[in-house]
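K.L.:
A single structure is presented below for examination.
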Amino acid sequence: MSYAYLFKYIIIGDTGVGKSCLLLQFTDKRFQPVHDLTIGVEFGARMITIDNKPIKLQIWDTAGQESFRSITRSYYRGAAGALLVYDITRRETFNHLASWLEDARQHANANMTIMLIGNKSDLAHRRAVSTEEGEQFAKEHGLIFMEASAKTAQNVEEAFIKTAATIYKKIQDGVFDVSNESYGIKVGYGGIPGPSGGRDGSSSQGGSCCS
Amino acid sequence: MDLVSGYKGVVGLVFGNENSASNEDSYVERLLDRISNGTLAEDRRIAIAELQSVVAESRAAQLAFGAMGFPILMGVLREERDDVEMIRGALETLVSALTPLDHAKGPKNEIQPALMNTDLLSREADSISLLLSLLAEEDFYVRYYTLQILTALLTNSQIRLQEAILTIPRGITRLMDMLMDREVIRNEALLLLTYLTREAEEIQKIVVFEGAFEKIFSIIKEEGGSEGGVVVQDCLELLNNLLLNNASNQLHLRETLGFDSIISILKLRGSSYSFTQQKTINLLSALETINLLMMGSSEAEPGKDANKLTNKTVLVQKKLLDHLLMLGVESQWAPAPVRCTALRCIGDLISGHPKNVDALASKVLGEEPQVEPALNSILRIILRTSSMQEFVAADHIFKSFCEKNADGQAMLASTLIPQPHSMTHAPLEEDVNMSFGSMLLHGLTLSESDGDLETCCRAASVLSHVLKDNIQCKERVLRIELEAPMASLGAPEPLMHRMVRYLALASSVKKKDGKSSTRGNLYIQPIILKLLVTWLADCPSAVQSFLDSRPHLTYLLELVFNPSATVCIRGLGAILLGECVIYNKSSDSGKDAFTIVDAISEKVGLTSYFLKFDEMQKNFVFSSAKPGQPHKPLTRSTAASVAKIEDVDENDSTDQKNEDHPILAAIFDAQFINFIKSLEANIRENIVDVYSRPKSELAVVPAEMEQKSGESDKDYVKRLKAFVETQCSEIQKLLGRNATLAEDLAKVGGSGHSQLEQRVNGGLERVQAETLRRDLQEASRRMEMLKAEKAQIESEASMYRNLAGKLESDLKSLSDAYNSLEQANFHLEKELKALKSGGTTTAPDLEAIKAEAREEAVKESEVELNDLLVCLGQEQSKVEKLSARLLELGEDVDKLLEDIGDDVGLPADEEEDED
């Protein structure tokens, strides 16, 4: 279980865009055509390697339905990365992106890395949102963008890893105080301590804090 | 009501009585007024301190505060953040208002003001978010009191508060931060989180997202693991809340922190032989965690089952078995509840998991050269322990081990080799080097000499697991022969016969011995019967062996119909008897299925035999809901009692009204019960079948009836005569059987409630039923058709009705129009007439009526006037008489009359009016 870093991700987006399937493809390498509606949140985890360093990803897949918003918002602040997913065959899921982003900006920490994913790229014949539109939206809002398919696994691996690589780079650039776990990043063994934190940050936290 | 309280108020004021409600009311009200309207900061602080102390002491003040105080104190908390002392005071007052006061005066069923107050406060979602925001304050006491308030709210209004906290942004994050605070706050926060996470899946997940696992385990480590104090217990309770039925969180723990963290708590460090009660509870809580991981999540989804299995796999990979064996088997100084729970955990860990079964089979315990397989050590516990709980827990391991594990069963059975006589009678202490089988055989036969069959029945229970569903093992064990207890008693006897003998012995011990063995027998006979039932199932040679000794059948019949045996024993005996029928492949007359059915029906009749099954089904062991026992979490309040109980069965059985021993509920698990139920159905069917189709002893071959070619007449006649004789005797037998059946039928009284009867008459009935069913089908089909027709006709009818209605209404409107026209016409005609006739009027008529009415009115008023005049005269004479009398008495009559005159004046006026 030893890792250099641990990153917490959330997956958000409208209901039915394939969030749970993306997670399942990433963690279990399988596709489930019929997936139950997610209730609240579900957890998944996987180890990846970036820059020869083992990195643990903890991923919380949230329910897209409006009724769960108050619950899922609790997960924004503590996450280092977010996968914002829409369905390229359903225009309305693309139209709702702005409101998802607003939610994220309001509840998440400012340095959260957001990856925009146009899912179901295998259904190109039913496409309702062009790749260019997705790119344009991502550019306007400073997001990373990719089209992917949970069914064929195309770009799924890449999406999760590219997000992690971006976060990793931010750490190297000293954007985060990694000793503060509220950014959704934890330093394990072999990780480079952040500019102001210590490698043993997690163990010293048990002691009394300034209060 | 009001008067009483007012009175009390006065008394209270006068005597300074604290009981007085209104006194408290006004006092609290004054203090609140000073707090909200006061201008001097110091005065307000004093007021709030006074308020706190009065609310902390009296229920009346709590009540009064609840009625008026919350908005004011919330106002203070909201707007006076800079004044730490005011904030502290307000929070402390709230704590006091929510803390139940113990010294209850007055009636017991009186409402608790503290509970009412928590209810009031928890209703306001705004208050909750205000309180949560206070957790960010610098001041220690502010955070401390705030946590206490939230805990109080959670204890009484759990669901409402859980919902409120979920909707507050970052609410749970704030609470989680408190785990990193200094010790006092941290411990308070642990309790709070424990309440918060109870039965709230979404909160559990968020808490885990916020890093609860890491924090919990770091606190446990800091506090010294299982050696730590109550804080470790609190941590484990919170941990268990987070894992109970929560697949997502279980996965998180497994994938992120790993199970090592929880397993290491179970590791006994050094040579600590002392188990304080706290350590016992800590260990039990950690074992509970393991249990929750093995249970997976409650939903029976196929995908989630994999989670459960993976958990078990990982647990064993992380060497959990070693620690459990240490706790359950090797640490005989550990408290019984810990040992039993560890043993049960081992059983669950291997249950349904072939790899873990193998892992257990290959474990050895002890140090060289005194090593032995772990299974042997566990068997020794079963044979020797004085605790029934421990026996049941260890027995569970063998049950799980043998379940669907033919190789494992064969491995165990292969060691069942009888030892020479001297060896079997060696004391138990020398068994370290014994094989599993020798130890088991030793246990089976050891106790006969002292008449105590306890050990024997425990060994029998293990043996039944080894034999279950495994024909090779059953046959192998059938071949085992034991030396006679005393060499002089002759030939060696098969193990099975020995078991039947012990079964009989168990009931005879009961008769001559004292109370203790009576109790013991309540499970000894059933457990031995369970072994035999398991053994004979699907195994004709076992049936054969059982019936080899003629007295067995007689004994069994007696047992089944022995009124002094328990329902359970009779029922199991009946099942065993049934197995002798359905698994009987013997063609030997005297031992075949036919003979046994005959014996049953001759002895008591089939009906009362089948009745034994019904009776058993109603028994508590069978009827109590087995699967899905509600999971009882180990909380702070229950932990102590769990840790203290040494052996539950002693307490339980005495107040049980049931004649059966509670231990049976554990030994007769759901699987066995289901097995019995399916056997029972099978037996009923088979017996009726055997009975209704008696095998003919004599094949009738027409060709043989003819005289053979070389046969003399005399021989032919002789042969025929013999043939007739046998047939005659067979007819005789059948007649006898018929008589028994008829008798049986008569006994039931033809009431038809017995299943047997239904089956006996089944043939005819079935035919009739079939015809009836066909008729019914035909009829119902016709009815359907008719119904459809009817519906169609009805709809048509309603259509026509509508049409008719419409026409009618048309007609009506037409006729109305005609009528109105006619009427108009009539009027016009009348008017025309009137105009024609000109001056003549109706006026004289009116005049006449008026005159008549006037006359009548005058007449009436005259009569009334006369009456009044008479009255007046009478009154006048009365006045005169009274005046005279008054004059006599020397009163001023004129003055008096004048006064009265005012009153009399009114009627006088009226009189004038009348005139």
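All residue names refer to the structure tokens as shown: chains lettered A, B, ... in order, residues numbered from 1 in each chain, ligands numbered from 1 in order.
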Select residues of chain B: the criterion is any atom within 10 Å of an atom of chain A, counting only C-alpha atoms; output as a ChimeraX atom specification.
P.N.:
/B:136-140,143,166-173,179-183,186,201-203,205-207,209-211,214-215,218-219,222,247-252,254-258
K.L.:
Could you pull out all residues of region 56-122 of chain A with a DSSP call of strand (DSSP E or B) and give them as a list in words?
P.N.:
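Of region 56-122 of chain A, only Lys56, Leu57, Gln58, Ile59, Trp60, Asp61, Thr62, Gly81, Ala82, Leu83, Leu84, Val85, Tyr86, Asp87, Thr113, Ile114, Met115, Leu116, Ile117, Gly118 and Asn119 of chain A fall in strand (DSSP E or B).
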K.L.:
Could you list, as an NGL selection string, every residue within 10 Å of Arg90 (chain A), counting only C-alpha atoms and ignoring same-chain residues fewer than 2 positions away?
P.N.:
:A and (16-17 or 86-88 or 92-95 or 120 or 126-129)
K.L.:
Can those selected residues be exported to a file as a JSON list (two decimals), in the first residue's frame so that it contains N, CA and C atoms?
P.N.:
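Resulting contents of again31.json:
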[["chain", "number", "residue", "atom", "x", "y", "z"],
["A", 16, "GLY", "N", -26.59, 9.78, -15.78],
["A", 16, "GLY", "CA", -26.61, 8.98, -17.02],
["A", 16, "GLY", "C", -25.52, 9.28, -18.02],
["A", 17, "VAL", "N", -24.55, 10.11, -17.68],
["A", 17, "VAL", "CA", -23.49, 10.41, -18.65],
["A", 17, "VAL", "C", -22.40, 9.34, -18.64],
["A", 86, "TYR", "N", -19.67, 14.85, -19.49],
["A", 86, "TYR", "CA", -20.94, 14.99, -20.20],
["A", 86, "TYR", "C", -21.03, 13.90, -21.25],
["A", 87, "ASP", "N", -22.23, 13.79, -21.83],
["A", 87, "ASP", "CA", -22.50, 12.73, -22.79],
["A", 87, "ASP", "C", -22.57, 13.37, -24.18],
["A", 88, "ILE", "N", -21.69, 12.97, -25.10],
["A", 88, "ILE", "CA", -21.64, 13.66, -26.39],
["A", 88, "ILE", "C", -22.90, 13.42, -27.22],
["A", 92, "GLU", "N", -28.14, 18.31, -23.77],
["A", 92, "GLU", "CA", -28.44, 19.00, -22.51],
["A", 92, "GLU", "C", -27.36, 18.76, -21.45],
["A", 93, "THR", "N", -26.71, 17.60, -21.51],
["A", 93, "THR", "CA", -25.69, 17.34, -20.50],
["A", 93, "THR", "C", -24.50, 18.27, -20.71],
["A", 94, "PHE", "N", -24.30, 18.70, -21.95],
["A", 94, "PHE", "CA", -23.24, 19.68, -22.26],
["A", 94, "PHE", "C", -23.67, 21.07, -21.81],
["A", 95, "ASN", "N", -24.96, 21.35, -22.02],
["A", 95, "ASN", "CA", -25.47, 22.67, -21.63],
["A", 95, "ASN", "C", -25.41, 22.90, -20.13],
["A", 120, "LYS", "N", -18.79, 8.56, -24.09],
["A", 120, "LYS", "CA", -19.54, 7.81, -25.11],
["A", 120, "LYS", "C", -19.04, 8.14, -26.52],
["A", 126, "ARG", "N", -24.28, 9.13, -33.21],
["A", 126, "ARG", "CA", -25.40, 9.83, -32.57],
["A", 126, "ARG", "C", -24.94, 11.13, -31.92],
["A", 127, "ARG", "N", -23.78, 11.56, -32.30],
["A", 127, "ARG", "CA", -23.15, 12.71, -31.67],
["A", 127, "ARG", "C", -24.04, 13.96, -31.73],
["A", 128, "ALA", "N", -24.12, 14.66, -30.59],
["A", 128, "ALA", "CA", -24.91, 15.90, -30.55],
["A", 128, "ALA", "C", -24.04, 17.09, -30.14],
["A", 129, "VAL", "N", -22.81, 16.79, -29.71],
["A", 129, "VAL", "CA", -21.89, 17.86, -29.33],
["A", 129, "VAL", "C", -20.58, 17.60, -30.06]]
K.L.:
Show me, as a VMD selection string, the residues that have an atom within 9 Å of Ile117 (chain A) when counting only C-alpha atoms, minus same-chain residues fewer than 6 positions from it.
P.N.:
chain A and resid 83 to 87 134 144 to 148 159
K.L.:
Write out as a PyMOL selection string the residues lying within 8 Å of region 76-81 of chain B, counting only C-alpha atoms and excluding same-chain residues fewer than 6 positions away.
P.N.:
chain B and resi 87+90+130
K.L.:
Keeping only N, CA and C atoms, write the selected residues to a file as a short mmCIF file (atom, residue, chain, number, x, y, z; two decimals), in the first residue's frame.
P.N.:
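Result file follows (again19.cif):
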data_model
loop_
_atom_site.label_atom_id
_atom_site.label_comp_id
_atom_site.auth_asym_id
_atom_site.auth_seq_id
_atom_site.Cartn_x
_atom_site.Cartn_y
_atom_site.Cartn_z
N ILE B 87 -20.17 34.43 25.06
CA ILE B 87 -20.37 33.23 24.24
C ILE B 87 -20.25 31.97 25.10
N ALA B 90 -23.28 31.69 27.27
CA ALA B 90 -24.46 31.25 26.53
C ALA B 90 -24.38 29.76 26.24
N LEU B 130 -25.21 27.49 13.00
CA LEU B 130 -24.56 28.47 13.88
C LEU B 130 -23.62 27.76 14.86
#
K.L.:
With distances taken over only C-alpha atoms, which residue among B:Asn674, B:Gln148, B:Leu115, B:Leu441 lies nearest Glu483 (chain B)?
P.N.:
B:Leu441
K.L.:
Write out as a list of chain:residue names the residues lying within 9 Å of Ser608 (chain B), counting only C-alpha atoms and excluding same-chain residues fewer than 4 positions away.
P.N.:
B:Phe561, B:Val604, B:Lys612, B:Asp744
K.L.:
As a PDB file with C-alpha atoms, in the first residue's frame, please: the residues near Glu124 (chain B) (cut-off 12 Å, only C-alpha atoms, same-chain neighbours under 3 positions excluded).
P.N.:
ATOM      1  CA  PHE B  70     -33.410  29.995  22.844  1.00  0.00           C
ATOM      2  CA  PRO B  71     -33.923  32.989  20.537  1.00  0.00           C
ATOM      3  CA  MET B  74     -28.899  32.278  19.759  1.00  0.00           C
ATOM      4  CA  ASN B 117     -35.324  21.497  24.972  1.00  0.00           C
ATOM      5  CA  THR B 118     -33.189  19.334  22.719  1.00  0.00           C
ATOM      6  CA  ASP B 119     -36.214  18.779  20.568  1.00  0.00           C
ATOM      7  CA  LEU B 120     -36.881  22.513  20.369  1.00  0.00           C
ATOM      8  CA  LEU B 121     -33.314  23.420  19.533  1.00  0.00           C
ATOM      9  CA  SER B 127     -29.126  26.944  15.016  1.00  0.00           C
ATOM     10  CA  ILE B 128     -27.232  23.837  13.971  1.00  0.00           C
ATOM     11  CA  SER B 129     -25.191  25.664  11.375  1.00  0.00           C
ATOM     12  CA  LEU B 130     -24.564  28.473  13.882  1.00  0.00           C
ATOM     13  CA  LEU B 131     -23.275  25.918  16.387  1.00  0.00           C
ATOM     14  CA  LEU B 153     -28.847  17.011  20.360  1.00  0.00           C
ATOM     15  CA  SER B 157     -32.918  13.804  17.865  1.00  0.00           C
ATOM     16  CA  ARG B 160     -33.192  15.228  12.448  1.00  0.00           C
ATOM     17  CA  LEU B 161     -29.693  16.340  13.303  1.00  0.00           C
ATOM     18  CA  GLU B 163     -30.261  15.452   8.096  1.00  0.00           C
ATOM     19  CA  ALA B 164     -29.484  18.993   9.182  1.00  0.00           C
ATOM     20  CA  ILE B 165     -25.722  18.426   9.268  1.00  0.00           C
TER      21      ILE B 165
END
K.L.:
If you measure from CA of Thr163 (chain A) to CA of Asp103 (chain A), what distance in Å do you get, rounded to one decimal?
P.N.:
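Computing the Euclidean distance for CA of Thr163 (chain A) and CA of Asp103 (chain A) yields 19.5 Å.
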K.L.:
For a test of reading the model, state the distance in Å between CA of Leu101 (chain A) and CA of Ala82 (chain A), rounded to one decimal.
P.N.:
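Atom-to-atom, CA of Leu101 (chain A) and CA of Ala82 (chain A) are spaced 10.3 Å apart.
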